[in-house]
$ cat my_file00.txt   # compact mmCIF, C-alpha atoms and all ligand atoms
# COMPACT_ATOMS: atom_id res chain seq x y z
CA MET A 1 76.77 109.38 102.32
CA ARG A 2 79.25 106.84 103.60
CA PRO A 3 82.78 108.16 103.96
CA SER A 4 85.02 106.53 101.37
CA VAL A 5 87.50 103.92 102.54
CA PRO A 6 91.15 104.86 101.88
CA THR A 7 93.20 102.82 99.41
CA VAL A 8 96.89 101.88 99.61
CA ARG A 9 99.19 101.07 96.68
CA MET A 10 102.92 100.45 96.52
CA VAL A 11 104.28 102.23 93.43
CA MET A 12 107.96 101.42 93.90
CA GLU A 13 109.48 98.54 95.83
CA GLY A 14 112.41 99.52 98.01
CA HIS A 15 115.67 97.63 98.11
CA VAL A 16 118.92 97.31 100.05
CA VAL A 17 122.11 95.93 98.50
CA ARG A 18 124.85 94.84 100.87
CA SER A 19 128.43 93.91 100.12
CA GLU A 20 130.59 92.43 102.86
CA GLY A 21 128.08 93.60 105.43
CA ARG A 22 128.08 97.21 104.22
CA ILE A 23 125.10 98.85 102.55
CA VAL A 24 126.20 99.86 99.05
CA ASP A 25 122.84 100.85 97.60
CA ALA A 26 119.42 101.49 99.11
CA SER A 27 116.15 103.13 98.19
CA SER A 28 112.90 103.14 100.09
CA THR A 29 109.57 101.65 99.19
CA VAL A 30 107.22 104.37 97.87
CA CYS A 31 103.46 104.16 98.48
CA VAL A 32 100.40 106.12 97.43
CA VAL A 33 97.44 106.42 99.78
CA GLU A 34 94.18 107.95 98.59
CA SER A 35 91.59 109.19 101.05
CA SER A 36 88.61 111.50 100.51
CA GLY A 37 89.97 112.82 97.22
CA ALA A 38 93.44 113.59 98.64
CA ARG A 39 96.60 111.86 97.43
CA LEU A 40 99.34 111.09 99.87
CA VAL A 41 102.77 109.68 99.07
CA VAL A 42 104.80 107.95 101.77
CA ASP A 43 108.58 108.33 101.30
CA SER A 44 110.23 109.39 98.05
CA GLY A 45 113.23 107.06 97.54
CA SER A 46 116.89 107.85 96.86
CA PRO A 47 117.97 110.70 94.57
CA HIS A 48 119.10 108.23 91.88
CA VAL A 49 115.59 106.74 91.48
CA CYS A 50 113.72 110.02 90.80
CA ALA A 51 113.41 109.47 87.03
CA SER A 52 112.03 105.95 87.46
CA LEU A 53 109.78 107.13 90.29
CA VAL A 54 108.17 109.70 87.99
CA LYS A 55 107.50 106.93 85.44
CA ALA A 56 106.09 104.61 88.10
CA LEU A 57 103.80 107.32 89.46
CA GLU A 58 102.59 108.31 86.00
CA SER A 59 101.78 104.75 85.03
CA ALA A 60 99.87 104.43 88.30
CA GLY A 61 97.83 107.48 87.24
CA VAL A 62 99.42 109.66 89.92
CA PRO A 63 101.50 112.41 88.29
CA PRO A 64 103.69 113.96 91.06
CA GLY A 65 101.98 117.36 90.65
CA THR A 66 98.65 115.85 91.75
CA VAL A 67 100.00 114.69 95.12
CA SER A 68 98.62 116.80 97.98
CA HIS A 69 100.45 115.25 100.95
CA LEU A 70 103.94 113.73 101.35
CA VAL A 71 105.06 111.96 104.50
CA ASN A 72 108.71 111.17 105.16
CA THR A 73 108.90 108.31 107.65
CA HIS A 74 112.30 109.78 108.56
CA LEU A 75 114.88 111.95 106.86
CA HIS A 76 117.57 109.48 105.77
CA ILE A 77 118.35 110.36 102.15
CA ASP A 78 117.07 107.02 100.79
CA HIS A 79 113.57 107.98 102.06
CA CYS A 80 113.40 111.66 101.05
CA GLY A 81 115.71 111.88 98.01
CA CYS A 82 112.97 112.83 95.53
CA ASN A 83 110.87 115.16 97.69
CA GLU A 84 111.27 117.99 95.14
CA LEU A 85 109.12 116.06 92.65
CA PHE A 86 106.07 116.81 94.78
CA GLU A 87 105.89 120.57 94.37
CA ASN A 88 102.22 120.86 95.39
CA ALA A 89 102.41 118.60 98.43
CA LYS A 90 102.30 119.55 102.07
CA VAL A 91 105.25 117.65 103.59
CA TYR A 92 105.20 115.98 107.03
CA ALA A 93 108.06 114.69 109.18
CA HIS A 94 108.71 114.21 112.88
CA SER A 95 110.10 117.25 114.70
CA LEU A 96 112.97 115.11 116.09
CA GLU A 97 114.21 114.62 112.50
CA SER A 98 114.92 118.39 112.35
CA PRO A 99 113.02 118.87 109.10
CA PRO A 100 113.72 121.93 106.93
CA VAL A 101 111.57 125.05 107.05
CA GLY A 102 108.14 124.56 105.47
CA VAL A 103 107.73 120.95 106.58
CA VAL A 104 104.85 120.23 108.97
CA ARG A 105 106.48 119.01 112.20
CA VAL A 106 104.78 116.04 113.83
CA SER A 107 105.43 115.21 117.47
CA ASP A 108 102.54 112.94 118.41
CA ARG A 109 99.93 110.70 116.80
CA MET A 110 98.08 112.75 114.21
CA GLU A 111 95.23 111.93 111.82
CA ILE A 112 96.08 113.82 108.62
CA LEU A 113 93.28 112.44 106.41
CA PRO A 114 90.21 110.34 107.22
CA GLY A 115 91.53 106.87 108.15
CA VAL A 116 95.18 107.93 107.79
CA GLU A 117 97.18 108.41 110.97
CA LEU A 118 100.84 109.27 111.56
CA VAL A 119 102.23 107.27 114.48
CA PRO A 120 105.64 107.79 116.11
CA THR A 121 107.58 104.49 115.98
CA PRO A 122 111.08 105.47 117.21
CA GLY A 123 114.19 103.32 117.43
CA HIS A 124 115.82 103.32 113.98
CA THR A 125 115.97 107.10 114.41
CA ARG A 126 114.41 109.17 117.20
CA GLY A 127 111.76 110.59 114.89
CA CYS A 128 110.62 107.58 112.86
CA LEU A 129 106.97 107.80 111.84
CA SER A 130 104.73 105.05 110.55
CA VAL A 131 101.56 105.66 108.56
CA PHE A 132 98.60 103.62 109.80
CA VAL A 133 95.84 103.36 107.19
CA SER A 134 92.44 101.89 107.95
CA ALA A 135 91.74 100.71 104.40
CA GLU A 136 89.88 97.50 103.52
CA LYS A 137 92.52 96.04 105.82
CA ARG A 138 94.75 97.74 108.40
CA TYR A 139 97.97 98.79 106.62
CA ALA A 140 101.11 100.03 108.36
CA ILE A 141 103.58 101.78 106.07
CA CYS A 142 106.46 101.85 108.43
CA GLY A 143 109.73 102.94 106.83
CA ASP A 144 112.76 101.62 108.65
CA ALA A 145 110.88 100.89 111.86
CA ILE A 146 110.61 97.55 109.97
CA PRO A 147 113.12 97.71 107.08
CA THR A 148 112.43 94.20 105.72
CA LYS A 149 110.11 91.23 106.27
CA ALA A 150 113.02 89.36 107.90
CA ASN A 151 113.08 91.90 110.74
CA TYR A 152 109.45 91.08 111.49
CA GLU A 153 109.79 87.30 111.09
CA ASN A 154 112.83 87.10 113.34
CA LEU A 155 111.73 89.89 115.69
CA VAL A 156 115.01 91.68 115.04
CA PRO A 157 115.21 95.47 115.32
CA PRO A 158 116.77 97.39 112.42
CA ALA A 159 120.57 96.94 112.37
CA ILE A 160 120.96 100.70 112.28
CA ASN A 161 119.27 102.00 115.41
CA ILE A 162 119.61 104.56 118.17
CA ASP A 163 118.04 102.22 120.75
CA ALA A 164 117.50 98.53 119.99
CA LYS A 165 114.93 97.97 122.77
CA LEU A 166 112.89 100.96 121.72
CA ALA A 167 113.09 99.82 118.08
CA LEU A 168 111.81 96.36 119.03
CA ARG A 169 108.95 97.89 121.01
CA SER A 170 107.96 99.93 117.94
CA LEU A 171 108.19 96.85 115.69
CA LYS A 172 105.87 94.92 118.01
CA ALA A 173 103.41 97.80 118.28
CA ILE A 174 103.18 97.95 114.48
CA ALA A 175 102.73 94.18 114.15
CA TRP A 176 100.08 94.22 116.87
CA TRP A 177 97.97 96.80 115.03
CA ALA A 178 98.54 95.95 111.38
CA GLU A 179 97.14 93.26 109.12
CA ILE A 180 99.44 94.25 106.24
CA ILE A 181 102.92 95.70 106.78
CA ILE A 182 104.73 97.66 104.08
CA PRO A 183 108.39 97.69 105.15
CA GLY A 184 110.94 100.38 104.35
CA HIS A 185 112.81 98.28 101.81
CA GLY A 186 110.57 95.57 100.40
CA PRO A 187 107.09 94.56 99.28
CA PRO A 188 103.99 94.36 101.51
CA PHE A 189 103.44 91.25 103.59
CA GLU A 190 100.65 89.90 105.75
CA VAL A 191 100.83 89.70 109.51
CA LEU A 192 99.80 86.09 110.08
CA ALA A 193 100.22 85.66 113.81
CA LYS A 194 100.43 88.26 116.53
CA LYS A 195 103.83 88.11 118.21
ZN ZN B 201 116.79 104.92 107.54

$ encode --input "my_file00.txt" --output "structure tokens"
Amino acid sequence: MRPSVPTVRMVMEGHVVRSEGRIVDASSTVCVVESSGARLVVDSGSPHVCASLVKALESAGVPPGTVSHLVNTHLHIDHCGCNELFENAKVYAHSLESPPVGVVRVSDRMEILPGVELVPTPGHTRGCLSVFVSAEKRYAICGDAIPTKANYENLVPPAINIDAKLALRSLKAIAWWAEIIIPGHGPPFEVLAKK
């Protein structure tokens, strides 16, 4: 039997609202990855989107209780604000994010499901993870390692970063591998040319 190819869906598009240069509202993109019968959610949005996230998941046929794995690309509140919805999920985050007790601590590349790999992509925070999925195309779900398409197009590291050079290196590594990028705060886009 051929192993099944994973699938990737965005169930909620992330956003960032700025006013006079300051971020006044933000919530992350939320994705569902299915591989070998397991259901993985990447990031859970801000606390104020939890009700709409439940609706979005249910209309996608993914009630939160059926999710077996949850990955937080990092632990800023706009990426992990609705973690409690996923009561049956094993939760993963990078050890450098100082995750709470019970979370699986990731410190290196790690395949958590067939075709689904967690990859450290530091720079926005020390412990940023991206999720590389070998689906019908190569998808990188990358949280704030690439917050928006504009960061990729202009080769600009995230404005909030702990190390701009490191962040740029991570951005390039993602763009080198991926065919489709799902940024932390926007819809998926295609990688057209390798930079
Ligand atoms: Zn962040």

$ closest_atom_pairs --input "my_file00.txt" --of "chain A" --to "ligand ZN 201 (chain B)" --cutoff "12 Å" --atoms "all atoms listed in the file" --output "CSV"
residue,atom,partner,partner_atom,distance
A:Gly14,CA,B:ZN201,ZN,11.8
A:His15,CA,B:ZN201,ZN,12.0
A:Val16,CA,B:ZN201,ZN,10.9
A:Ile23,CA,B:ZN201,ZN,11.4
A:Ala26,CA,B:ZN201,ZN,9.5
A:Ser27,CA,B:ZN201,ZN,9.5
A:Ser28,CA,B:ZN201,ZN,8.6
A:Thr29,CA,B:ZN201,ZN,11.5
A:Asp43,CA,B:ZN201,ZN,10.9
A:Gly45,CA,B:ZN201,ZN,10.8
A:Ser46,CA,B:ZN201,ZN,11.1
A:Asn72,CA,B:ZN201,ZN,10.5
A:Thr73,CA,B:ZN201,ZN,8.6
A:His74,CA,B:ZN201,ZN,6.7
A:Leu75,CA,B:ZN201,ZN,7.3
A:His76,CA,B:ZN201,ZN,5.0
A:Ile77,CA,B:ZN201,ZN,7.8
A:Asp78,CA,B:ZN201,ZN,7.1
A:His79,CA,B:ZN201,ZN,7.1
A:Cys80,CA,B:ZN201,ZN,10.0
A:Gly81,CA,B:ZN201,ZN,11.9
A:Glu97,CA,B:ZN201,ZN,11.2
A:Pro122,CA,B:ZN201,ZN,11.2
A:Gly123,CA,B:ZN201,ZN,10.4
A:His124,CA,B:ZN201,ZN,6.7
A:Thr125,CA,B:ZN201,ZN,7.3
A:Arg126,CA,B:ZN201,ZN,10.8
A:Gly127,CA,B:ZN201,ZN,10.6
A:Cys128,CA,B:ZN201,ZN,8.6
A:Leu129,CA,B:ZN201,ZN,11.1
A:Cys142,CA,B:ZN201,ZN,10.8
A:Gly143,CA,B:ZN201,ZN,7.4
A:Asp144,CA,B:ZN201,ZN,5.3
A:Ala145,CA,B:ZN201,ZN,8.4
A:Ile146,CA,B:ZN201,ZN,9.9
A:Pro147,CA,B:ZN201,ZN,8.1
A:Thr148,CA,B:ZN201,ZN,11.7
A:Pro158,CA,B:ZN201,ZN,9.0
A:Ala159,CA,B:ZN201,ZN,10.1
A:Ile160,CA,B:ZN201,ZN,7.6
A:Asn161,CA,B:ZN201,ZN,8.8
A:Ile162,CA,B:ZN201,ZN,11.0
A:Pro183,CA,B:ZN201,ZN,11.3
A:Gly184,CA,B:ZN201,ZN,8.1
A:His185,CA,B:ZN201,ZN,9.6

$ residues_near_point --input "my_file00.txt" --point "(109.2, 96.0, 119.6)" --cutoff "12 Å" --atoms "all atoms listed in the file" --output "PDB file with C-alpha atoms, in the frame of the given file"
ATOM      1  CA  THR A 121     107.580 104.490 115.980  1.00  0.00           C
ATOM      2  CA  PRO A 122     111.080 105.470 117.210  1.00  0.00           C
ATOM      3  CA  GLY A 123     114.190 103.320 117.430  1.00  0.00           C
ATOM      4  CA  HIS A 124     115.820 103.320 113.980  1.00  0.00           C
ATOM      5  CA  ALA A 145     110.880 100.890 111.860  1.00  0.00           C
ATOM      6  CA  ILE A 146     110.610  97.550 109.970  1.00  0.00           C
ATOM      7  CA  ASN A 151     113.080  91.900 110.740  1.00  0.00           C
ATOM      8  CA  TYR A 152     109.450  91.080 111.490  1.00  0.00           C
ATOM      9  CA  ASN A 154     112.830  87.100 113.340  1.00  0.00           C
ATOM     10  CA  LEU A 155     111.730  89.890 115.690  1.00  0.00           C
ATOM     11  CA  VAL A 156     115.010  91.680 115.040  1.00  0.00           C
ATOM     12  CA  PRO A 157     115.210  95.470 115.320  1.00  0.00           C
ATOM     13  CA  PRO A 158     116.770  97.390 112.420  1.00  0.00           C
ATOM     14  CA  ASP A 163     118.040 102.220 120.750  1.00  0.00           C
ATOM     15  CA  ALA A 164     117.500  98.530 119.990  1.00  0.00           C
ATOM     16  CA  LYS A 165     114.930  97.970 122.770  1.00  0.00           C
ATOM     17  CA  LEU A 166     112.890 100.960 121.720  1.00  0.00           C
ATOM     18  CA  ALA A 167     113.090  99.820 118.080  1.00  0.00           C
ATOM     19  CA  LEU A 168     111.810  96.360 119.030  1.00  0.00           C
ATOM     20  CA  ARG A 169     108.950  97.890 121.010  1.00  0.00           C
ATOM     21  CA  SER A 170     107.960  99.930 117.940  1.00  0.00           C
ATOM     22  CA  LEU A 171     108.190  96.850 115.690  1.00  0.00           C
ATOM     23  CA  LYS A 172     105.870  94.920 118.010  1.00  0.00           C
ATOM     24  CA  ALA A 173     103.410  97.800 118.280  1.00  0.00           C
ATOM     25  CA  ILE A 174     103.180  97.950 114.480  1.00  0.00           C
ATOM     26  CA  ALA A 175     102.730  94.180 114.150  1.00  0.00           C
ATOM     27  CA  TRP A 176     100.080  94.220 116.870  1.00  0.00           C
ATOM     28  CA  LYS A 195     103.830  88.110 118.210  1.00  0.00           C
TER      29      LYS A 195
END

$ atom_distance --input "my_file00.txt" --atom1 "atom CA of A:Thr7" --atom2 "atom CA of A:Ser134"
8.6 Å

$ residues_around --input "my_file00.txt" --residues "A:Ser52" --least-positions-apart "3" --cutoff "12 Å" --atoms "only C-alpha atoms" --output "count of residues only"
18

$ residues_around --input "my_file00.txt" --residues "stretch 110-120 of chain A" --least-positions-apart "5" --cutoff "10 Å" --atoms "all atoms listed in the file" --output "MDAnalysis selection string"
chainID A and resid 3:7 33:40 69 71 73 92:94 126:135 138:142 145 170 174

$ atom_distance --input "my_file00.txt" --atom1 "atom CA of A:Phe189" --atom2 "atom CA of A:Arg9"
12.7 Å

$ closest_residue --input "my_file00.txt" --among "A:Val67, A:Ser19, A:Ala193, A:Lys149" --to "A:Ile181" --atoms "all atoms listed in the file"
A:Lys149

$ atom_distance --input "my_file00.txt" --atom1 "atom CA of A:Ile180" --atom2 "atom CA of A:Leu70"
20.6 Å

$ residues_near_point --input "my_file00.txt" --point "(99.7, 122.4, 99.4)" --cutoff "9 Å" --atoms "all atoms listed in the file" --output "PDB file with C-alpha atoms, keeping the file's coordinate frame"
ATOM      1  CA  VAL A  67     100.000 114.690  95.120  1.00  0.00           C
ATOM      2  CA  SER A  68      98.620 116.800  97.980  1.00  0.00           C
ATOM      3  CA  HIS A  69     100.450 115.250 100.950  1.00  0.00           C
ATOM      4  CA  GLU A  87     105.890 120.570  94.370  1.00  0.00           C
ATOM      5  CA  ASN A  88     102.220 120.860  95.390  1.00  0.00           C
ATOM      6  CA  ALA A  89     102.410 118.600  98.430  1.00  0.00           C
ATOM      7  CA  LYS A  90     102.300 119.550 102.070  1.00  0.00           C
ATOM      8  CA  VAL A  91     105.250 117.650 103.590  1.00  0.00           C
TER       9      VAL A  91
END

$ decode --input "my_file00.txt" --residues "stretch 4-15 of chain A" --atoms "N, CA and C atoms" --output "mmCIF file, in the first residue's frame"
data_model
loop_
_atom_site.group_PDB
_atom_site.id
_atom_site.type_symbol
_atom_site.label_atom_id
_atom_site.label_comp_id
_atom_site.auth_asym_id
_atom_site.auth_seq_id
_atom_site.Cartn_x
_atom_site.Cartn_y
_atom_site.Cartn_z
ATOM 1 N N SER A 4 -0.096 7.432 2.334
ATOM 2 C CA SER A 4 -0.907 8.541 1.841
ATOM 3 C C SER A 4 -0.096 9.839 1.896
ATOM 4 N N VAL A 5 -0.397 10.722 0.959
ATOM 5 C CA VAL A 5 0.296 12.006 0.902
ATOM 6 C C VAL A 5 -0.427 12.979 1.841
ATOM 7 N N PRO A 6 0.317 13.710 2.675
ATOM 8 C CA PRO A 6 -0.360 14.646 3.588
ATOM 9 C C PRO A 6 -1.106 15.746 2.825
ATOM 10 N N THR A 7 -2.101 16.325 3.482
ATOM 11 C CA THR A 7 -2.805 17.469 2.897
ATOM 12 C C THR A 7 -2.660 18.667 3.834
ATOM 13 N N VAL A 8 -2.740 19.866 3.247
ATOM 14 C CA VAL A 8 -2.591 21.113 4.006
ATOM 15 C C VAL A 8 -3.766 22.025 3.671
ATOM 16 N N ARG A 9 -4.416 22.556 4.708
ATOM 17 C CA ARG A 9 -5.499 23.524 4.488
ATOM 18 C C ARG A 9 -5.337 24.685 5.452
ATOM 19 N N MET A 10 -5.574 25.901 4.964
ATOM 20 C CA MET A 10 -5.650 27.033 5.888
ATOM 21 C C MET A 10 -7.109 27.135 6.335
ATOM 22 N N VAL A 11 -7.355 27.164 7.643
ATOM 23 C CA VAL A 11 -8.753 27.294 8.095
ATOM 24 C C VAL A 11 -9.056 28.702 8.600
ATOM 25 N N MET A 12 -8.031 29.466 8.929
ATOM 26 C CA MET A 12 -8.263 30.860 9.315
ATOM 27 C C MET A 12 -7.061 31.691 8.858
ATOM 28 N N GLU A 13 -7.380 32.779 8.143
ATOM 29 C CA GLU A 13 -6.295 33.633 7.652
ATOM 30 C C GLU A 13 -5.887 34.611 8.746
ATOM 31 N N GLY A 14 -4.607 34.689 8.997
ATOM 32 C CA GLY A 14 -4.118 35.615 10.023
ATOM 33 C C GLY A 14 -4.138 37.053 9.542
ATOM 34 N N HIS A 15 -4.024 37.973 10.479
ATOM 35 C CA HIS A 15 -3.999 39.389 10.104
ATOM 36 C C HIS A 15 -3.120 40.173 11.085
#
